[in-house]
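Here is the structure we will look at.
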Number of protein chains: 2
Amino acid sequence: MHTLLRKHLEELIELTDAEFEYIASHFQLKRFKKHAILIQPGELVTHEYFVLKGLLKTSATDDDGKEHILQFSMENWWVSDYQAFMTGGRATSTTQCLEDVELLYLSARDRHKLCAEIHKFEHFSRLKVTSGFLHLQRRVMALLSNDAQSRYRQLLEQYPSLFQRVPKSLIAAYIGVSRETLSRLHV
Amino acid sequence: MHTLLRKHLEELIELTDAEFEYIASHFQLKRFKKHAILIQPGELVTHEYFVLKGLLKTSATDDDGKEHILQFSMENWWVSDYQAFMTGGRATSTTQCLEDVELLYLSARDRHKLCAEIHKFEHFSRLKVTSGFLHLQRRVMALLSNDAQSRYRQLLEQYPSLFQRVPKSLIAAYIGVSRETLSRLHV
């Protein structure tokens with residue numbers, strides 16, 4: 001199971017066997033069934049998850065009861081309620097399994113410790129969060145431009161296999177359009 | 001001028017005098033007049049800027065000619081076209097001075113070098129980009145929820161002095177509403 005994590009880390013940094021073994025020793029494996037909820041609003045969020053297998057969604061429900069999807073997470077993706085994970089606060093979003101999933105989880109304390117102990121791991125973490133930041137900038141611009149076609153294209157680029165794996169209602173909740181608008185976009 | 005930079009870095013990391021002097025030696029001072037353009041679409045973006053004084057906006061114009069504001073930058077803020085800066089690509093946004101500004105600028109190569117040489121500087125950079133990431137997540141959720149009031153409140157929290165410094169049309173272009181909707185929000 002740790003082969004996938006090593007491959008993922010080594011896309012950005014080189015590690016010796018000893019370094020990788022040390023990093024990997026801080027992760028633990030967990031399996032969840034489809035529909036299981038990993039994080040829910042109000043909880044303290046002490047862990048983040050690296051997805052080995054399966055698909056999850058992170059979403060929040062607005063005052064009108066409408067669900068908005070912040071992120072889908074699949075193989076090689078990291079997921080948590082990062083606002084709560086990074087600040088020690090409580091979750092405002094829900095992370096739920098859309099398929100059976102296998103995850104490696106890491107505590108906030110160990111993320112912090114590994115970053116402090118291993119410069120390369122902090123470098124990896126910086127590059128990862130930077131690419132998340134850049135992706136969100138593009139998403140904000142596409143939302144401000146009211147450009148649903150761009151948001152649809154961005155989603156396709158980011159998660160090529162997603163469209164075979166989730167119902168269209170969830171795609172619409174990510175893009176921020178109605179089901180009807182969505183079907184006009186990708187027909 | 002470097003006192004402000006030191007204070008800013010030391011909000012997150014502790015530095016010896018020698019470490020700070022070394023870091024600071026990679027920055028150079030630049031002054032621009034109100035209305036000057038620092039970055040424009042199509043240019044290579046080799047630098048980022050730390051704002052000592054003044055206010056800038058980073059924006060993009062959509063296909064309908066409408067301007068959308070991605071970011072305001074004021075004292076203690078970092079600004080660039082980060083998509084281009086991080087990837088070596090060309091700018092898709094415009095960064096323009098809304099007041100006379102004083103900046104310290106750093107090249108992409110030196111950002112990379114300082115992160116590689118000084119673990120604490122990489123740590124600082126990771127925390128900074130993480131807080132940008134978390135801010136954008138909140139902005140995406142507020143855009144998806146079509147909750148202009150939240151976006152207005154977030155903007156106030158992030159830039160308390162902004163509202164005295166920019167015309168309301170620019171506030172509206174950041175929030176993604178018309179001038180008319182904006183005046184209904186904050187009256």
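Chain labels follow the order of the structure tokens: the first chain is A, the next B, and so on; residue numbering restarts at 1 in every chain, and ligands are counted from 1 in their shown order.
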Could you list, as number ranges by chain, every residue of chain B that has an atom within 9 Å of an atom of chain A, counting only C-alpha atoms?
B: 60-64, 66-70, 82-83, 86, 115-116, 118-120, 122-123, 125-127, 129-141, 143-145, 147, 173-177
Using only C-alpha atoms, determine which residues lie at most 7 Å from stretch 25-41 of chain B, disregarding the query and same-chain residues fewer than 4 positions distant; provide the list as a PyMOL selection string.
chain B and resi 21+91-106+110
Please give the complete set of residues from stretch 17-149 of chain A that DSSP, run on the backbone, assigns to strand (DSSP E or B), formatted as a ChimeraX atom specification.
/A:28-32,37-39,44,47-53,56-61,67-73,78-79,90,94-97,101-107
